[in-house]
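Text of coords-v6.pdb (PDB, C-alpha atoms, pLDDT in the B column) as supplied:
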```pdb
MODEL        1
ATOM      1  CA  MET A 395      -3.846  54.838  21.743  1.00 51.00           C
ATOM      2  CA  LYS A 396      -6.668  52.391  21.084  1.00 58.00           C
ATOM      3  CA  THR A 397      -5.461  51.804  17.518  1.00 61.00           C
ATOM      4  CA  ASN A 398      -1.955  51.056  18.749  1.00 69.00           C
ATOM      5  CA  ASN A 399      -3.310  48.679  21.420  1.00 76.00           C
ATOM      6  CA  LEU A 400      -5.566  46.955  18.868  1.00 76.00           C
ATOM      7  CA  SER A 401      -2.614  46.553  16.467  1.00 76.00           C
ATOM      8  CA  LYS A 402      -0.572  44.919  19.229  1.00 75.00           C
ATOM      9  CA  LYS A 403      -3.405  42.478  19.991  1.00 75.00           C
ATOM     10  CA  LEU A 404      -3.850  41.600  16.311  1.00 72.00           C
ATOM     11  CA  LEU A 405      -0.103  41.096  15.899  1.00 68.00           C
ATOM     12  CA  THR A 406      -0.034  38.867  18.990  1.00 76.00           C
ATOM     13  CA  VAL A 407      -2.949  36.761  17.698  1.00 65.00           C
ATOM     14  CA  PHE A 408      -1.299  36.495  14.270  1.00 67.00           C
ATOM     15  CA  LEU A 409       2.023  35.382  15.781  1.00 64.00           C
ATOM     16  CA  ALA A 410       0.308  32.865  18.062  1.00 65.00           C
ATOM     17  CA  PHE A 411      -1.622  31.415  15.115  1.00 67.00           C
ATOM     18  CA  THR A 412       1.534  31.231  12.983  1.00 71.00           C
ATOM     19  CA  LEU A 413       3.513  29.495  15.747  1.00 63.00           C
ATOM     20  CA  LEU A 414       0.673  27.024  16.280  1.00 64.00           C
ATOM     21  CA  ALA A 415       0.512  26.254  12.547  1.00 68.00           C
ATOM     22  CA  VAL A 416       4.283  25.723  12.401  1.00 66.00           C
ATOM     23  CA  ALA A 417       4.193  23.441  15.449  1.00 67.00           C
ATOM     24  CA  VAL A 418       1.372  21.340  14.018  1.00 62.00           C
ATOM     25  CA  SER A 419       3.031  20.988  10.616  1.00 64.00           C
ATOM     26  CA  ALA A 420       6.366  20.055  12.225  1.00 62.00           C
ATOM     27  CA  SER A 421       4.768  17.292  14.289  1.00 59.00           C
ATOM     28  CA  ALA A 422       2.712  15.901  11.402  1.00 55.00           C
ATOM     29  CA  LYS A 423       4.069  12.798   9.723  1.00 53.00           C
ATOM     30  CA  PRO A 424       5.153  13.202   6.120  1.00 53.00           C
ATOM     31  CA  PRO A 425       2.674  11.649   3.719  1.00 52.00           C
ATOM     32  CA  THR A 426       3.470   8.103   2.708  1.00 49.00           C
ATOM     33  CA  ARG A 427       4.069   7.651  -0.985  1.00 48.00           C
ATOM     34  CA  TYR A 428       3.288   3.958  -1.387  1.00 43.00           C
ATOM     35  CA  TYR A 429       1.536   4.641  -4.652  1.00 47.00           C
ATOM     36  CA  ASP A 430       4.832   5.684  -6.265  1.00 59.00           C
ATOM     37  CA  HIS A 431       6.780   2.445  -5.743  1.00 75.00           C
ATOM     38  CA  PRO A 432       4.706  -0.408  -4.344  1.00 87.00           C
ATOM     39  CA  LEU A 433       7.411  -2.896  -5.403  1.00 88.00           C
ATOM     40  CA  SER A 434      10.819  -2.824  -3.723  1.00 88.00           C
ATOM     41  CA  VAL A 435      13.500  -5.430  -4.462  1.00 90.00           C
ATOM     42  CA  LYS A 436      16.921  -5.488  -2.818  1.00 89.00           C
ATOM     43  CA  TYR A 437      19.784  -7.850  -3.557  1.00 88.00           C
ATOM     44  CA  PHE A 438      21.402  -9.214  -0.372  1.00 86.00           C
ATOM     45  CA  GLY A 439      24.192 -11.374  -1.777  1.00 85.00           C
ATOM     46  CA  MET A 440      24.913 -15.038  -2.342  1.00 86.00           C
ATOM     47  CA  LYS A 441      24.549 -18.034  -0.069  1.00 87.00           C
ATOM     48  CA  ASN A 442      25.394 -21.590  -1.199  1.00 87.00           C
ATOM     49  CA  ASP A 443      25.163 -20.794  -4.944  1.00 85.00           C
ATOM     50  CA  TYR A 444      21.856 -18.952  -4.522  1.00 89.00           C
ATOM     51  CA  LEU A 445      21.220 -15.236  -5.030  1.00 88.00           C
ATOM     52  CA  ILE A 446      19.177 -13.791  -2.161  1.00 90.00           C
ATOM     53  CA  PHE A 447      16.602 -11.036  -2.785  1.00 91.00           C
ATOM     54  CA  LYS A 448      14.235  -9.282  -0.399  1.00 92.00           C
ATOM     55  CA  VAL A 449      10.959  -8.389  -2.127  1.00 91.00           C
ATOM     56  CA  THR A 450       8.628  -5.925  -0.408  1.00 90.00           C
ATOM     57  CA  VAL A 451       5.161  -5.247  -1.792  1.00 89.00           C
ATOM     58  CA  ARG A 452       3.113  -2.336  -0.472  1.00 88.00           C
ATOM     59  CA  ALA A 453      -0.311  -2.949  -1.961  1.00 82.00           C
ATOM     60  CA  ASN A 454      -2.341  -0.398   0.014  1.00 78.00           C
ATOM     61  CA  HIS A 455      -3.994   1.129  -3.026  1.00 79.00           C
ATOM     62  CA  LEU A 456      -3.858  -1.838  -5.426  1.00 82.00           C
ATOM     63  CA  LYS A 457      -6.741  -4.210  -6.031  1.00 85.00           C
ATOM     64  CA  LYS A 458      -5.953  -7.913  -6.450  1.00 86.00           C
ATOM     65  CA  PRO A 459      -2.186  -7.565  -6.911  1.00 89.00           C
ATOM     66  CA  GLU A 460      -0.070 -10.504  -8.035  1.00 90.00           C
ATOM     67  CA  LEU A 461       3.692 -10.909  -7.845  1.00 91.00           C
ATOM     68  CA  PHE A 462       5.519 -12.649 -10.703  1.00 91.00           C
ATOM     69  CA  ILE A 463       9.216 -13.511 -10.805  1.00 91.00           C
ATOM     70  CA  ASP A 464      10.750 -14.920 -13.932  1.00 91.00           C
ATOM     71  CA  GLU A 465      14.075 -15.331 -15.659  1.00 88.00           C
ATOM     72  CA  SER A 466      14.625 -14.809 -19.396  1.00 84.00           C
ATOM     73  CA  ASN A 467      15.988 -18.309 -20.070  1.00 83.00           C
ATOM     74  CA  MET A 468      14.326 -20.382 -17.325  1.00 84.00           C
ATOM     75  CA  GLY A 469      10.840 -18.865 -17.532  1.00 86.00           C
ATOM     76  CA  SER A 470       8.549 -18.483 -14.537  1.00 87.00           C
ATOM     77  CA  LEU A 471      10.194 -18.903 -11.122  1.00 86.00           C
ATOM     78  CA  TYR A 472       7.487 -17.676  -8.734  1.00 86.00           C
ATOM     79  CA  TRP A 473       3.894 -16.465  -8.675  1.00 87.00           C
ATOM     80  CA  LYS A 474       1.845 -15.292  -5.687  1.00 87.00           C
ATOM     81  CA  LYS A 475      -1.431 -13.440  -5.100  1.00 87.00           C
ATOM     82  CA  ILE A 476      -0.958 -10.718  -2.490  1.00 84.00           C
ATOM     83  CA  TYR A 477      -3.693 -10.576   0.134  1.00 84.00           C
ATOM     84  CA  SER A 478      -2.114  -8.276   2.732  1.00 81.00           C
ATOM     85  CA  LYS A 479      -1.336  -4.564   2.452  1.00 83.00           C
ATOM     86  CA  THR A 480       2.377  -5.129   3.029  1.00 86.00           C
ATOM     87  CA  LYS A 481       4.163  -8.354   2.169  1.00 86.00           C
ATOM     88  CA  VAL A 482       7.849  -9.154   2.607  1.00 90.00           C
ATOM     89  CA  GLN A 483       9.118 -12.168   0.720  1.00 87.00           C
ATOM     90  CA  TRP A 484      12.660 -13.591   0.650  1.00 91.00           C
ATOM     91  CA  VAL A 485      13.506 -15.128  -2.710  1.00 89.00           C
ATOM     92  CA  ARG A 486      16.412 -17.442  -3.563  1.00 89.00           C
ATOM     93  CA  VAL A 487      17.427 -17.890  -7.202  1.00 88.00           C
ATOM     94  CA  LYS A 488      19.968 -20.498  -8.291  1.00 86.00           C
ATOM     95  CA  ASN A 489      23.021 -18.662  -9.576  1.00 84.00           C
ATOM     96  CA  ASN A 490      23.681 -19.401 -13.232  1.00 80.00           C
ATOM     97  CA  GLU A 491      25.658 -17.512 -15.803  1.00 75.00           C
ATOM     98  CA  ASN A 492      24.024 -14.446 -17.399  1.00 80.00           C
ATOM     99  CA  LEU A 493      20.690 -14.267 -15.593  1.00 85.00           C
ATOM    100  CA  ASN A 494      18.040 -11.619 -16.235  1.00 87.00           C
ATOM    101  CA  ILE A 495      15.652 -11.763 -13.297  1.00 89.00           C
ATOM    102  CA  HIS A 496      12.379  -9.852 -13.662  1.00 90.00           C
ATOM    103  CA  PHE A 497      10.194  -8.979 -10.680  1.00 90.00           C
ATOM    104  CA  GLU A 498       6.715  -7.793 -11.662  1.00 89.00           C
ATOM    105  CA  LEU A 499       3.798  -6.616  -9.540  1.00 89.00           C
ATOM    106  CA  VAL A 500       0.572  -6.692 -11.531  1.00 89.00           C
ATOM    107  CA  ALA A 501      -2.798  -5.232 -10.637  1.00 86.00           C
ATOM    108  CA  PRO A 502      -5.690  -4.272 -12.925  1.00 84.00           C
ATOM    109  CA  ASN A 503      -4.452  -1.474 -15.233  1.00 82.00           C
ATOM    110  CA  LYS A 504      -1.062  -1.223 -13.429  1.00 83.00           C
ATOM    111  CA  SER A 505       2.252  -3.039 -13.616  1.00 86.00           C
ATOM    112  CA  TYR A 506       5.464  -2.376 -11.719  1.00 87.00           C
ATOM    113  CA  TYR A 507       8.765  -3.930 -12.786  1.00 86.00           C
ATOM    114  CA  LYS A 508      12.196  -4.394 -11.303  1.00 88.00           C
ATOM    115  CA  THR A 509      14.935  -6.182 -13.253  1.00 88.00           C
ATOM    116  CA  PHE A 510      18.322  -7.513 -12.159  1.00 87.00           C
ATOM    117  CA  THR A 511      21.085  -8.673 -14.479  1.00 85.00           C
ATOM    118  CA  VAL A 512      23.560 -11.231 -13.154  1.00 82.00           C
ATOM    119  CA  SER A 513      26.850 -12.042 -14.839  1.00 77.00           C
ATOM    120  CA  THR A 514      29.354 -14.568 -13.543  1.00 67.00           C
ATOM    121  CA  SER A 515      33.050 -14.284 -14.299  1.00 61.00           C
ATOM    122  CA  VAL A 516      34.513 -17.787 -14.337  1.00 53.00           C
ATOM    123  CA  ALA A 517      38.146 -16.618 -14.444  1.00 48.00           C
ATOM    124  CA  LYS A 518      37.814 -14.604 -11.260  1.00 43.00           C
ATOM    125  CA  SER A 519      34.974 -16.610  -9.627  1.00 45.00           C
ATOM    126  CA  ARG A 520      33.061 -13.410  -9.093  1.00 51.00           C
ATOM    127  CA  THR A 521      29.351 -12.710  -9.493  1.00 54.00           C
ATOM    128  CA  THR A 522      28.114  -9.232 -10.331  1.00 58.00           C
ATOM    129  CA  VAL A 523      24.479  -8.243  -9.846  1.00 60.00           C
ATOM    130  CA  SER A 524      23.371  -4.977 -11.383  1.00 62.00           C
ATOM    131  CA  GLU A 525      20.000  -3.394 -10.771  1.00 62.00           C
ATOM    132  CA  ASN A 526      18.091  -1.769 -13.605  1.00 63.00           C
ATOM    133  CA  LYS A 527      15.692   1.188 -13.240  1.00 59.00           C
ATOM    134  CA  ASP A 528      12.212   0.823 -11.788  1.00 57.00           C
ATOM    135  CA  ILE A 529       9.541   0.833 -14.440  1.00 56.00           C
ATOM    136  CA  ALA A 530       5.872   1.523 -13.842  1.00 56.00           C
ATOM    137  CA  ALA A 531       3.454   0.946 -16.699  1.00 55.00           C
ATOM    138  CA  ASN A 532      -0.222   1.712 -16.847  1.00 49.00           C
TER     139      ASN A 532
ENDMDL
END
```

Can the structure from this file be put into structure tokens for me?
Amino acid sequence: MKTNNLSKKLLTVFLAFTLLAVAVSASAKPPTRYYDHPLSVKYFGMKNDYLIFKVTVRANHLKKPELFIDESNMGSLYWKKIYSKTKVQWVRVKNNENLNIHFELVAPNKSYYKTFTVSTSVAKSRTTVSENKDIAAN
């Protein structure tokens, strides 16, 4: 009988430990993955012939990051050193025909890119903005 009683106690302790571990893991926050994509750019539309972009930089793990925005034909549009861990910047770009807008976050030994291509259809008076893939280069 003692073996049976001891088995019940061990099973109870095991179940209690398992339930506690499940409860703790369920309440824990998922790990943040800022290191994967510290540069986020979203296109919000047009306002008064300007394209509106929301640029979010999460520089928690980056040292001395800098944000560059340029266009293939016009050259450099914007440059900023990032001093805070998270920075949200609204950017307006004058809408012209066939733009290639490059957003680049640069830190020592790391670069993160986001590119948007803009084409304007004169016949239909419609602007199309397409987003290219994120690129991270070491």

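Here CA of His431 (chain A) and CA of Thr480 (chain A) stand 12.4 Å from one another.
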
Subject >> Residues matched by the PyMOL selection byres ((chain A and resi 445) around 10), written as a PyMOL selection string >> reply: chain A and resi 437-444+446-447+485-490+512+521+523

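Compared by their closest atoms to Ser466 (chain A), and using all atoms listed in the file, the residues A:Leu433, A:Leu493, A:Leu499, A:Val482 rank with A:Leu493 nearest.
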
Original post:
Written as a PyMOL selection string, what is the full residue list that the PyMOL selection byres ((chain A and resi 494) around 9) yields on the file shown?
Top reply: chain A and resi 464-467+492-493+495-496+509-513

Original post:
Expressed in Å to a single decimal, how great is the separation between CA of Ile463 (chain A) and CA of Pro432 (chain A)?
Top reply: 15.3 Å

Subject >> Near-Ser478 (chain A) list (12 Å; only C-alpha atoms; drop same-chain fewer than 6 positions) as number ranges by chain >> reply: A: 450-460

Original post:
Neighbours of Glu498 (chain A) within 7 Å (all atoms listed in the file; same-chain residues fewer than 6 positions away dropped), as a PyMOL selection string?
Top reply: chain A and resi 461-463+505-508

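When only C-alpha atoms are used to compute distances to Phe497 (chain A), the closest of the residues A:Lys448, A:Val435, A:Gln483, A:Tyr477 turns out to be A:Val435.
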